[in-house]
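**Q** Just passing along the structure, written as structure tokens.
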Amino acid sequence: MPNKKKTWKQLLYRDRYLLFMLLPVAVYYLVFCYLPMTGIVMAFNQYQVGSGFAGIYTSKWVGLKWFKQFFGSIYLGRLVRNTFLLQFYSLIFGFPIPILFAVAVTQVVRNKNARKVIQVSTYLPYFISTVVVCGMINNFLSPSGGIINQLLNKIGIESINFMNLPQWFRPIYVISGSWQSFGFNSIIFVAAIMGISPDLYEAMDVDGANRRQVIWHLVLPSIRPTIILLLIMSLGTMMSVGFEKVYLLYNTAVYETADVIQTYVYRQGIQSSNYSYATAVGLFNSVINFVIVFAANKISRRITDTAIW
Amino acid sequence: MKKRSLALILASAMVMSSLAGCGDQPAATQDAATPENKTEVVDSAIQQATTVVEESGFSYTGEGPITEDGGTIKILAQTSNYSNVDITKAPIVQKVFEEAGVEPDWQLLDYNSYEDAITPMLSVGNIDADIVKIPDNDPNQIWIKSGMFVPLDTYFDYMPNFTKWLSEHPVQKAELTAEDGHIYYVAGVNVAHDYQPVLMYNQVWLDKAGKEAPENLDDFVDLLRYFKENDMNGDGNTNDEIPMSIMSAFLPYMFGPAFGLDLVSGFQADASGKVTYAAADSENYRKYLEFLNGLYEEGLLEVEFTSLDRDKVIERISNDLTGVAFDYSWAMSMMYSNVLPYYDGTEKTAFVGVAPLSGEHKGFYVGRNFLSGMFGVSSKSGQIELACKFLDYAMSDHCQDYYQWGIEGESYVVNADGSREYTEKGKDNDWLQQFGINPAFVFPAQQSVEATDILVADWHAKINADQRQYVVDPWPMIYATSDESDTINMYLEDIQTNVDENATAFITGTKDIATEFDGYIAGLEALNLPELVSIRQQQYDRYLKALNQ
């Protein structure tokens with residue numbers, strides 16, 4: 001007997017429990033992501049302070065005035081460069097570490113208890129608040145009494161004023177970020193590796209493959225879709241530097257390498273009440289993010305045949 | 001499909017570009033008062049103000065209660081700057097409400113993050129309060145123009161204390177009068193020429209060095225060298241002395257005047273009324289940077305100066321590690337001297353304030369504007385008259401007496417000769433703060449030199465009196481017009497960023513003053529500084545005109 005095609009009402013009824021479970025997530029995205037998105041209209045008008053929610057849509061239209069102002073700003077190049085480079089270095093140095101760590105933990109450490117201890121101890125820094133991490137960085141790197149400079153002094157190197165030298169800001173940001181997140185970010189790779197069928201390991205064992213060959217020819221190809229997916233998603237935030245950490249670490253001495261679009265938006269929007277201008281700068285940032293993720297997806301499809309959409 | 005998407009994007013961009021010009025229309029005509037008649041509207045409202053007699057026969061004449069019917073006043077303001085003080089439970093604050101005959105409904109935001117927290121709330125109009133403390137003096141009339149606050153002069157019938165105060169203070173009345181001729185805020189009043197930021201020395205170190213407090217930059221540098229090279233704290237180690245501990249924000253206060261610069265205000269006017277931007281003075285500002293760079297290179301200005309905070313300064317002083325500090329005067333006896341290990345309550349063992357340093361120019365200290373701590377009545381309030389009456393009562397002389405002295409018999413007593421003095425409890429600053437003294441976070445409080453003198457150590461009050469002669473007025477409070485504030489908002493933030501980061505770069509040597517200073521000055525011009533200076537000139541001219549009327 002041929003299957004009768006179900007109507008959308010029947011499909012809805014059939015999947016009602018699943019849809020119900022999806023509801024909170026849908027509401028979350030609607031309320032916190034899609035509805036606020038309409039606020040980008042502020043980038044094209046002169047938001048009248050005090051005009052409330054309605055003012056976002058009813059303030060005087062100024063077209064591309066704020067974009068022109070930003071594109072004419074002497075800070076445009078520096079902001080884009082700093083924002084991009086901070087994330088680029090974070091990606092280059094931060095992205096492979098969780099993969100290597102996941103492979104090492106699953107393929108090298110055979111003792112289950114030792115594996116758990118290693119994993120938990122590397123997750124922990126992820127749960128330390130950014131404020132505390134930045135406080136630790138400031139204390140460790142202080143030229144007067146910081147542990148790093150004390151160690152340098154012990155081996156005959158003069159103290160370095162890390163937090164006031166522009167050339168040190170990016171390494172500090174990237175290294176501390178990688179340290180804080182590599183354990184947590186490795187979870188998904190560990191899970192992907194655990195999902196590889198034991199039959200495949202047995203087959204490679206029968207074929208006489210050594211551990212290096214197992215990793216190279218089985219483990220890494222198996223988690224390639226996961227790596228590509230996470231890489232594309234990371235590229236989507238290429239221009240989205242975490243505001244809090246930069247704000248807590250930077251000072252006027254290191255603006256040259258530390259001032260990013262997000263901190264500029266904060267100074268213009270929150271501190272100077274130039275809301276429309278700040279929105280325009282933020283929108284410009286989002287558009288670049290969108291273009292990068294779109295391009296990365298396309299390149300990935302062409303090269304690896306793996307893509308998000 | 002791709003072509004259609006591209007065409008759509010291009011079309012949208014063209015439409016937006018074409019609409020961009022729509023923003024260049026002249027600003028809407030406002031009910032603007034010209035400089036010639038700036039306070040005319042307010043003066044007229046003061047003259048015509050009459051006492052309102054309510055249906056019940058009750059009338060508010062400036063004394064409590066403000067109503068016979070009770071009620072609740074919602075106040076959006078700050079918590080105390082003392083984290084252990086609950087200002088809502090402070091007896092002085094409760095006394096004001098009790099006498100006014102109304103109950104408070106507090107919405108207090110953290111003192112330290114008040115500006116960051118309330119600015120977005122005000123920006124979207126998201127306030128549910130009758131009375132609001134403005135995050136700043138609203139120099140660009142951002143909140144005034146938003147229409148969120150009622151013009152108080154239209155409610156002067158309910159504000160006898162405020163109208164009397166305005167009549168007695170014509171300069172402050174002119175300063176408070178907005179571009180449209182109305183007054184929107186009741187302001188607190190600072191002691192503007194007293195207890196200002198001041199240069200302080202460790203007197204024990206000075207005596208040990210056998211030196212007097214330096215009066216000029218050369219002697220000052222010599223003293224710093226002496227402090228650095230000698231075992232000033234007597235611990236046997238000549239390497240742990242930090243000659244001076246100055247937070248970077250105070251460097252302009254401390255050294256700018258010796259070079260003829262008011263870097264604190266940013267803009268300054270000379271004797272002829274010509275306005276300039278201090279950090280763009282190609283001769284004096286260059287010398288200022290060269291001087292600080294010299295201190296930095298010699299190790300007299302520490303490498304950590306950009307990240308030094310008050311806690312670190314206090315820690316150093318408590319460990320007797322530093323000889324020079326610069327901070328608000330109140331810190332002298334209340335925060336720095338009292339943590340010195342050998343302080344015995346006298347000037348001889350304290351951190352003491354001295355005259356400002358002079359260079360090619362005679363030194364001075366930059367004072368504060370008289371007005372600060374603005375309170376407005378929300379136009380969304382359902383009880384504007386009651387809110388105006390409460391604000392008026394809260395700024396009355398009667399309440400100012402509470403703010404400055406507290407409650408008779410508890411925090412102070414009146415002597416037979418009519419003079420006042422704090423009780424034993426009142427002399428304990430912690431207790432006095434808990435009691436609610438100077439509640440400027442929630443009310444338009446006026447500071448009093450007399451009450452402050454009694455609060456600090458005797459030697460401190462004497463030093464303050466000596467230093468009054470050195471304090472000059474800062475850039476005056478002048479409201480910007482709509483066009484002016486648009487331009488200021490557009491350019492000032494970028495200019496400030498440029499100045500701040502270049503100052504640090506020149507001082508630390510990251511940038512070479514000899515070769516890159518001219519580029520810095522040119523950069524300021526590219527950031528539209530001349531336009532901003534021209535606006536400040538207009539504002540200053542208006543100010544002088546209003547002052548002379």
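Ligands are numbered from 1 in the order shown, residues from 1 within each chain, and chains are lettered A, B, ... in the order they appear in the structure tokens.
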Leaving out A:Leu231 and any residue of its chain fewer than 5 positions from it, which residues lie within 10 Å of it when counting only C-alpha atoms, given as an NGL selection string?
**A** :A and (91 or 95-96 or 225-226 or 236 or 293 or 296-297 or 300)
**Q** Would you put the residues from that selection into a file with C-alpha atoms, as a PDB file, in the first residue's frame?
**A**
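Saved as selection07.pdb:
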ATOM      1  CA  LEU A  91      42.694  31.176  15.461  1.00  0.00           C
ATOM      2  CA  PHE A  95      42.475  26.421  16.987  1.00  0.00           C
ATOM      3  CA  PRO A  96      44.955  23.545  16.501  1.00  0.00           C
ATOM      4  CA  PRO A 225      34.006  17.330   9.264  1.00  0.00           C
ATOM      5  CA  THR A 226      33.982  18.461  12.918  1.00  0.00           C
ATOM      6  CA  GLY A 236      32.300  33.732  11.569  1.00  0.00           C
ATOM      7  CA  VAL A 293      31.891  33.114   7.029  1.00  0.00           C
ATOM      8  CA  ALA A 296      34.899  30.295   4.153  1.00  0.00           C
ATOM      9  CA  ASN A 297      31.872  28.075   3.654  1.00  0.00           C
ATOM     10  CA  SER A 300      35.446  24.728   2.159  1.00  0.00           C
TER      11      SER A 300
END
**Q** Could you list, as a PyMOL selection string, every residue within 8 Å of B:Ile513, counting only C-alpha atoms and ignoring same-chain residues fewer than 3 positions away?
**A** chain B and resi 286+289-290+506+509+516-517
**Q** Please identify all polymer residues within 8 Å of B:Met374, counting only C-alpha atoms, omitting same-chain residues fewer than 3 positions from it, and present them as a ChimeraX atom specification.
**A** /B:133-137,185-188,371,444
**Q** Could you turn the residues from that selection into a file that holds N, CA, C and O atoms, as a tab-separated table (two decimals), in the first residue's frame?
**A**
chain	number	residue	atom	x	y	z
B	133	LYS	N	19.05	61.56	39.31
B	133	LYS	CA	20.37	62.21	39.36
B	133	LYS	C	21.04	61.99	38.00
B	133	LYS	O	21.21	60.87	37.55
B	134	ILE	N	21.41	63.10	37.35
B	134	ILE	CA	22.01	63.04	36.02
B	134	ILE	C	23.45	62.54	36.14
B	134	ILE	O	24.14	62.88	37.10
B	135	PRO	N	23.91	61.73	35.19
B	135	PRO	CA	25.26	61.18	35.34
B	135	PRO	C	26.38	62.22	35.30
B	135	PRO	O	27.45	62.00	35.81
B	136	ASP	N	26.15	63.35	34.64
B	136	ASP	CA	27.17	64.40	34.61
B	136	ASP	C	26.44	65.75	34.65
B	136	ASP	O	25.28	65.81	35.01
B	137	ASN	N	27.13	66.82	34.27
B	137	ASN	CA	26.47	68.13	34.26
B	137	ASN	C	25.71	68.39	32.97
B	137	ASN	O	25.26	69.50	32.72
B	185	TYR	N	17.60	71.57	35.93
B	185	TYR	CA	18.20	70.81	37.04
B	185	TYR	C	18.38	71.66	38.29
B	185	TYR	O	18.68	72.85	38.21
B	186	VAL	N	18.25	70.98	39.43
B	186	VAL	CA	18.69	71.56	40.70
B	186	VAL	C	20.07	70.95	40.95
B	186	VAL	O	20.24	69.74	40.86
B	187	ALA	N	21.04	71.81	41.23
B	187	ALA	CA	22.42	71.32	41.31
B	187	ALA	C	22.94	71.30	42.74
B	187	ALA	O	22.54	72.12	43.57
B	188	GLY	N	23.83	70.37	42.99
B	188	GLY	CA	24.61	70.39	44.22
B	188	GLY	C	25.72	71.42	44.06
B	188	GLY	O	25.97	71.91	42.96
B	371	LEU	N	29.10	73.93	40.42
B	371	LEU	CA	27.91	73.10	40.28
B	371	LEU	C	28.27	71.66	39.94
B	371	LEU	O	29.07	71.41	39.05
B	444	PRO	N	20.65	67.13	46.26
B	444	PRO	CA	21.51	68.22	45.80
B	444	PRO	C	22.18	68.90	46.99
B	444	PRO	O	21.78	69.98	47.42
**Q** Return the single residue from B:Tyr288, B:Phe149, B:Tyr277, B:Phe250 that is closest to chain A, with distances computed using only C-alpha atoms.
**A**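 Selected residue with least distance to chain A: B:Phe149.
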**Q** Check every residue of chain A for an atom within 10 Å of chain B, counting only C-alpha atoms, and provide those that qualify as an mmCIF file with N, CA, C and O atoms, in the first residue's frame.
**A**
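Written file, part_16.cif:
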data_model
loop_
_atom_site.group_PDB
_atom_site.id
_atom_site.type_symbol
_atom_site.label_atom_id
_atom_site.label_comp_id
_atom_site.auth_asym_id
_atom_site.auth_seq_id
_atom_site.Cartn_x
_atom_site.Cartn_y
_atom_site.Cartn_z
ATOM 1 N N PHE A 44 21.405 54.136 10.441
ATOM 2 C CA PHE A 44 21.049 55.014 9.324
ATOM 3 C C PHE A 44 20.231 56.220 9.776
ATOM 4 O O PHE A 44 19.740 56.978 8.957
ATOM 5 N N ASN A 45 20.045 56.336 11.082
ATOM 6 C CA ASN A 45 19.325 57.536 11.548
ATOM 7 C C ASN A 45 20.106 58.180 12.698
ATOM 8 O O ASN A 45 21.137 57.678 13.122
ATOM 9 N N GLN A 46 19.602 59.300 13.156
ATOM 10 C CA GLN A 46 20.259 59.993 14.266
ATOM 11 C C GLN A 46 19.402 59.761 15.496
ATOM 12 O O GLN A 46 18.466 60.515 15.759
ATOM 13 N N TYR A 47 19.733 58.698 16.246
ATOM 14 C CA TYR A 47 18.880 58.294 17.358
ATOM 15 C C TYR A 47 18.710 59.438 18.354
ATOM 16 O O TYR A 47 19.684 60.001 18.857
ATOM 17 N N GLN A 48 17.457 59.760 18.607
ATOM 18 C CA GLN A 48 17.142 60.836 19.544
ATOM 19 C C GLN A 48 17.164 60.263 20.951
ATOM 20 O O GLN A 48 16.329 59.429 21.293
ATOM 21 N N VAL A 49 18.134 60.702 21.731
ATOM 22 C CA VAL A 49 18.281 60.181 23.089
ATOM 23 C C VAL A 49 16.999 60.404 23.876
ATOM 24 O O VAL A 49 16.401 61.480 23.806
ATOM 25 N N GLY A 50 16.577 59.371 24.594
ATOM 26 C CA GLY A 50 15.389 59.487 25.418
ATOM 27 C C GLY A 50 14.115 59.149 24.687
ATOM 28 O O GLY A 50 13.028 59.162 25.272
ATOM 29 N N SER A 51 14.230 58.857 23.377
ATOM 30 C CA SER A 51 13.000 58.589 22.607
ATOM 31 C C SER A 51 12.569 57.138 22.725
ATOM 32 O O SER A 51 11.622 56.717 22.067
ATOM 33 N N GLY A 52 13.290 56.374 23.558
ATOM 34 C CA GLY A 52 12.854 55.029 23.872
ATOM 35 C C GLY A 52 12.981 54.070 22.705
ATOM 36 O O GLY A 52 13.674 54.319 21.720
ATOM 37 N N PHE A 53 12.251 52.942 22.827
ATOM 38 C CA PHE A 53 12.321 51.888 21.821
ATOM 39 C C PHE A 53 11.828 52.406 20.477
ATOM 40 O O PHE A 53 12.412 52.132 19.429
ATOM 41 N N ALA A 54 10.750 53.183 20.510
ATOM 42 C CA ALA A 54 10.178 53.690 19.256
ATOM 43 C C ALA A 54 11.165 54.584 18.519
ATOM 44 O O ALA A 54 11.194 54.616 17.283
ATOM 45 N N GLY A 55 11.985 55.286 19.296
ATOM 46 C CA GLY A 55 12.946 56.209 18.689
ATOM 47 C C GLY A 55 13.930 55.526 17.764
ATOM 48 O O GLY A 55 14.489 56.155 16.857
ATOM 49 N N ILE A 56 14.142 54.229 17.996
ATOM 50 C CA ILE A 56 15.059 53.473 17.129
ATOM 51 C C ILE A 56 14.569 53.530 15.682
ATOM 52 O O ILE A 56 15.354 53.587 14.746
ATOM 53 N N LYS A 60 15.422 60.806 13.130
ATOM 54 C CA LYS A 60 15.703 61.426 11.825
ATOM 55 C C LYS A 60 16.652 60.579 10.975
ATOM 56 O O LYS A 60 17.727 60.180 11.441
ATOM 57 N N TRP A 61 16.245 60.308 9.742
ATOM 58 C CA TRP A 61 17.025 59.477 8.822
ATOM 59 C C TRP A 61 18.235 60.276 8.313
ATOM 60 O O TRP A 61 18.093 61.393 7.841
ATOM 61 N N VAL A 62 19.424 59.684 8.420
ATOM 62 C CA VAL A 62 20.612 60.390 7.937
ATOM 63 C C VAL A 62 21.384 59.576 6.903
ATOM 64 O O VAL A 62 22.519 59.918 6.549
ATOM 65 N N GLY A 63 20.804 58.485 6.454
ATOM 66 C CA GLY A 63 21.442 57.682 5.410
ATOM 67 C C GLY A 63 22.774 57.104 5.848
ATOM 68 O O GLY A 63 22.879 56.483 6.904
ATOM 69 N N LEU A 64 23.789 57.338 5.057
ATOM 70 C CA LEU A 64 25.102 56.730 5.330
ATOM 71 C C LEU A 64 26.059 57.673 6.064
ATOM 72 O O LEU A 64 27.270 57.476 6.047
ATOM 73 N N LYS A 65 25.502 58.683 6.706
ATOM 74 C CA LYS A 65 26.338 59.684 7.371
ATOM 75 C C LYS A 65 27.361 59.058 8.320
ATOM 76 O O LYS A 65 28.545 59.403 8.288
ATOM 77 N N TRP A 66 26.911 58.131 9.149
ATOM 78 C CA TRP A 66 27.815 57.565 10.169
ATOM 79 C C TRP A 66 28.865 56.669 9.529
ATOM 80 O O TRP A 66 29.992 56.601 10.012
ATOM 81 N N LYS A 68 30.079 57.110 6.531
ATOM 82 C CA LYS A 68 31.050 58.019 5.905
ATOM 83 C C LYS A 68 32.008 58.549 6.966
ATOM 84 O O LYS A 68 33.212 58.659 6.737
ATOM 85 N N GLN A 69 31.434 58.888 8.132
ATOM 86 C CA GLN A 69 32.286 59.410 9.203
ATOM 87 C C GLN A 69 33.313 58.364 9.634
ATOM 88 O O GLN A 69 34.489 58.664 9.836
ATOM 89 N N GLY A 72 35.996 57.790 7.147
ATOM 90 C CA GLY A 72 36.922 58.922 7.084
ATOM 91 C C GLY A 72 37.785 59.042 8.335
ATOM 92 O O GLY A 72 38.658 59.893 8.428
ATOM 93 N N SER A 73 37.516 58.171 9.332
ATOM 94 C CA SER A 73 38.239 58.267 10.601
ATOM 95 C C SER A 73 39.673 57.761 10.459
ATOM 96 O O SER A 73 39.935 56.774 9.774
ATOM 97 N N ILE A 74 40.589 58.439 11.155
ATOM 98 C CA ILE A 74 41.990 57.991 11.095
ATOM 99 C C ILE A 74 42.164 56.659 11.814
ATOM 100 O O ILE A 74 43.191 56.015 11.691
ATOM 101 N N TYR A 75 41.154 56.266 12.575
ATOM 102 C CA TYR A 75 41.272 55.032 13.344
ATOM 103 C C TYR A 75 40.749 53.808 12.608
ATOM 104 O O TYR A 75 40.894 52.687 13.091
ATOM 105 N N ASN A 138 47.680 40.722 34.953
ATOM 106 C CA ASN A 138 48.302 41.975 35.405
ATOM 107 C C ASN A 138 49.296 41.723 36.533
ATOM 108 O O ASN A 138 50.377 42.303 36.557
ATOM 109 N N SER A 142 53.424 42.098 36.148
ATOM 110 C CA SER A 142 53.832 43.402 36.697
ATOM 111 C C SER A 142 55.357 43.531 36.709
ATOM 112 O O SER A 142 56.072 42.603 37.100
ATOM 113 N N PRO A 143 55.882 44.707 36.282
ATOM 114 C CA PRO A 143 57.339 44.880 36.298
ATOM 115 C C PRO A 143 57.899 44.976 37.714
ATOM 116 O O PRO A 143 59.084 44.784 37.930
ATOM 117 N N SER A 144 57.046 45.279 38.679
ATOM 118 C CA SER A 144 57.533 45.332 40.063
ATOM 119 C C SER A 144 56.888 44.198 40.851
ATOM 120 O O SER A 144 55.794 44.335 41.367
ATOM 121 N N ILE A 160 60.493 43.493 32.058
ATOM 122 C CA ILE A 160 59.813 44.018 30.860
ATOM 123 C C ILE A 160 58.447 44.541 31.292
ATOM 124 O O ILE A 160 57.708 43.854 32.004
ATOM 125 N N ASN A 161 58.116 45.740 30.853
ATOM 126 C CA ASN A 161 56.820 46.314 31.205
ATOM 127 C C ASN A 161 55.773 45.811 30.212
ATOM 128 O O ASN A 161 55.276 46.546 29.367
ATOM 129 N N PHE A 162 55.431 44.530 30.355
ATOM 130 C CA PHE A 162 54.584 43.856 29.365
ATOM 131 C C PHE A 162 53.299 44.609 29.034
ATOM 132 O O PHE A 162 52.942 44.749 27.879
ATOM 133 N N MET A 163 52.617 45.087 30.071
ATOM 134 C CA MET A 163 51.280 45.653 29.852
ATOM 135 C C MET A 163 51.310 47.051 29.229
ATOM 136 O O MET A 163 50.264 47.579 28.861
ATOM 137 N N ASN A 164 52.497 47.644 29.135
ATOM 138 C CA ASN A 164 52.575 48.992 28.558
ATOM 139 C C ASN A 164 53.303 49.025 27.222
ATOM 140 O O ASN A 164 53.566 50.103 26.688
ATOM 141 N N LEU A 165 53.675 47.858 26.717
ATOM 142 C CA LEU A 165 54.385 47.827 25.438
ATOM 143 C C LEU A 165 53.479 47.235 24.361
ATOM 144 O O LEU A 165 53.036 46.087 24.484
ATOM 145 N N PRO A 166 53.204 48.023 23.318
ATOM 146 C CA PRO A 166 52.238 47.567 22.296
ATOM 147 C C PRO A 166 52.594 46.212 21.693
ATOM 148 O O PRO A 166 51.714 45.411 21.397
ATOM 149 N N TYR A 250 43.698 46.605 28.265
ATOM 150 C CA TYR A 250 44.370 47.665 27.521
ATOM 151 C C TYR A 250 44.483 48.969 28.313
ATOM 152 O O TYR A 250 43.824 49.153 29.331
ATOM 153 N N ASN A 251 45.382 49.812 27.877
ATOM 154 C CA ASN A 251 45.478 51.175 28.394
ATOM 155 C C ASN A 251 46.012 52.036 27.251
ATOM 156 O O ASN A 251 46.348 51.517 26.177
ATOM 157 N N THR A 252 46.095 53.338 27.491
ATOM 158 C CA THR A 252 46.453 54.234 26.387
ATOM 159 C C THR A 252 47.812 53.899 25.778
ATOM 160 O O THR A 252 48.060 54.197 24.620
ATOM 161 N N ALA A 253 48.686 53.267 26.561
ATOM 162 C CA ALA A 253 50.024 52.959 26.049
ATOM 163 C C ALA A 253 49.994 51.898 24.954
ATOM 164 O O ALA A 253 50.912 51.831 24.135
ATOM 165 N N VAL A 254 48.962 51.067 24.938
ATOM 166 C CA VAL A 254 48.950 49.960 23.971
ATOM 167 C C VAL A 254 47.788 50.063 22.978
ATOM 168 O O VAL A 254 47.465 49.094 22.291
ATOM 169 N N TYR A 255 47.156 51.229 22.888
ATOM 170 C CA TYR A 255 46.056 51.408 21.930
ATOM 171 C C TYR A 255 46.485 50.987 20.518
ATOM 172 O O TYR A 255 45.696 50.493 19.739
ATOM 173 N N GLU A 256 47.765 51.228 20.209
ATOM 174 C CA GLU A 256 48.238 50.982 18.847
ATOM 175 C C GLU A 256 47.954 49.547 18.394
ATOM 176 O O GLU A 256 47.657 49.294 17.223
ATOM 177 N N TYR A 264 36.131 50.559 20.663
ATOM 178 C CA TYR A 264 35.819 51.855 20.050
ATOM 179 C C TYR A 264 34.303 52.106 20.101
ATOM 180 O O TYR A 264 33.853 53.210 20.432
ATOM 181 N N ARG A 267 33.404 53.113 23.606
ATOM 182 C CA ARG A 267 33.744 54.504 23.933
ATOM 183 C C ARG A 267 32.788 55.479 23.238
ATOM 184 O O ARG A 267 32.341 56.458 23.820
ATOM 185 N N GLN A 268 32.488 55.168 21.978
ATOM 186 C CA GLN A 268 31.609 56.074 21.239
ATOM 187 C C GLN A 268 30.152 55.943 21.707
ATOM 188 O O GLN A 268 29.451 56.941 21.860
ATOM 189 N N GLY A 269 29.710 54.684 21.883
ATOM 190 C CA GLY A 269 28.292 54.458 22.191
ATOM 191 C C GLY A 269 27.947 54.721 23.641
ATOM 192 O O GLY A 269 27.158 55.620 23.952
ATOM 193 N N ILE A 270 28.561 53.955 24.531
ATOM 194 C CA ILE A 270 28.192 54.046 25.944
ATOM 195 C C ILE A 270 28.776 55.294 26.592
ATOM 196 O O ILE A 270 28.086 56.017 27.301
ATOM 197 N N GLN A 271 30.047 55.576 26.334
ATOM 198 C CA GLN A 271 30.671 56.690 27.047
ATOM 199 C C GLN A 271 30.352 58.051 26.438
ATOM 200 O O GLN A 271 30.266 59.038 27.137
ATOM 201 N N SER A 272 30.191 58.112 25.110
ATOM 202 C CA SER A 272 29.941 59.413 24.490
ATOM 203 C C SER A 272 28.515 59.568 23.976
ATOM 204 O O SER A 272 28.181 60.581 23.371
ATOM 205 N N SER A 273 27.694 58.548 24.189
ATOM 206 C CA SER A 273 26.270 58.587 23.787
ATOM 207 C C SER A 273 26.067 58.796 22.281
ATOM 208 O O SER A 273 25.035 59.298 21.870
ATOM 209 N N ASN A 274 27.068 58.431 21.459
ATOM 210 C CA ASN A 274 26.872 58.483 20.001
ATOM 211 C C ASN A 274 26.333 57.129 19.537
ATOM 212 O O ASN A 274 27.026 56.354 18.877
ATOM 213 N N TYR A 275 25.078 56.852 19.880
ATOM 214 C CA TYR A 275 24.533 55.502 19.679
ATOM 215 C C TYR A 275 24.450 55.117 18.205
ATOM 216 O O TYR A 275 24.760 53.991 17.825
ATOM 217 N N TYR A 277 26.186 56.271 15.661
ATOM 218 C CA TYR A 277 27.529 56.083 15.107
ATOM 219 C C TYR A 277 28.081 54.730 15.544
ATOM 220 O O TYR A 277 28.634 53.967 14.738
#
**Q** For B:Tyr402, which of B:Asp428, B:Gln94, B:Val171, B:Asp218 is the closest residue, counting only C-alpha atoms?
**A**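 Going through B:Asp428, B:Gln94, B:Val171, B:Asp218 one by one, the smallest distance to B:Tyr402 is for B:Gln94.
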**Q** Run DSSP on the backbone and tell me which residues of stretch 183-416 of chain B come out as helix (DSSP H, G or I); list them as a ChimeraX atom specification.
**A** /B:203-209,217-229,248-259,278-280,284-297,305-307,310-318,331-339,347-349,384-394,397-405
**Q** Atom CA of B:Met254 and atom CA of B:Met200 are how many Å apart?
**A** 10.4 Å
**Q** Would you mind telling me which residue in A:Asn111, A:Asp205, A:Ser234, A:Ile228 lies nearest to A:Ile299 when using only C-alpha atoms?
**A**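 The shortest atom-to-atom distance to A:Ile299 comes from A:Ile228.
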**Q** What does the distance from atom CA of B:Glu179 to atom CA of B:Thr481 come to in Å, to one decimal?
**A**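 Separation of atom CA of B:Glu179 and atom CA of B:Thr481: 5.9 Å.
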**Q** Can you pull out every residue from stretch 396-447 of chain B that DSSP, working from the backbone, puts in strand (DSSP E or B), and format the result as a count of residues only?
**A** 8
**Q** So how far away is atom CA of B:Thr79 from atom CA of B:Asp130, in Å?
**A**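 Separation between atom CA of B:Asp130 and atom CA of B:Thr79: 17.3 Å.
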**Q** Find the residues near stretch 226-239 of chain B: any atom within 9 Å, counting only C-alpha atoms, skip ones fewer than 2 places away on the same chain, and give them as JSON, numbers by chain.
**A** {"B": [204, 205, 206, 208, 209, 221, 222, 223, 224, 241, 242, 243, 244, 299, 300, 319, 320, 321, 322, 323]}
**Q** Those residues with C-alpha atoms, as a short mmCIF file (atom, residue, chain, number, x, y, z; two decimals), in the first residue's frame please?
**A**
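Okay, this is what ended up in selection03.cif:
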data_model
loop_
_atom_site.label_atom_id
_atom_site.label_comp_id
_atom_site.auth_asym_id
_atom_site.auth_seq_id
_atom_site.Cartn_x
_atom_site.Cartn_y
_atom_site.Cartn_z
CA VAL B 204 59.60 62.93 57.54
CA TRP B 205 61.52 62.23 54.32
CA LEU B 206 61.77 65.95 53.60
CA LYS B 208 65.57 63.70 56.77
CA ALA B 209 66.81 65.13 53.47
CA VAL B 221 63.83 66.87 40.22
CA ASP B 222 66.79 67.24 42.59
CA LEU B 223 64.62 66.12 45.46
CA LEU B 224 63.35 63.09 43.54
CA GLU B 241 62.50 53.88 47.63
CA ILE B 242 60.05 54.96 44.93
CA PRO B 243 60.62 58.74 44.70
CA MET B 244 57.04 59.57 43.72
CA GLY B 299 63.51 56.35 36.50
CA LEU B 300 61.95 59.16 38.54
CA ASN B 319 55.10 50.51 53.81
CA ASP B 320 56.97 53.85 53.87
CA LEU B 321 58.23 53.36 50.32
CA THR B 322 57.38 56.63 48.64
CA GLY B 323 58.02 60.32 49.22
#
**Q** What's the 8 Å shell around A:Leu79, counting only C-alpha atoms, without same-chain residues fewer than 6 positions away, as a VMD selection string?
**A** chain A and resid 259 to 261 264
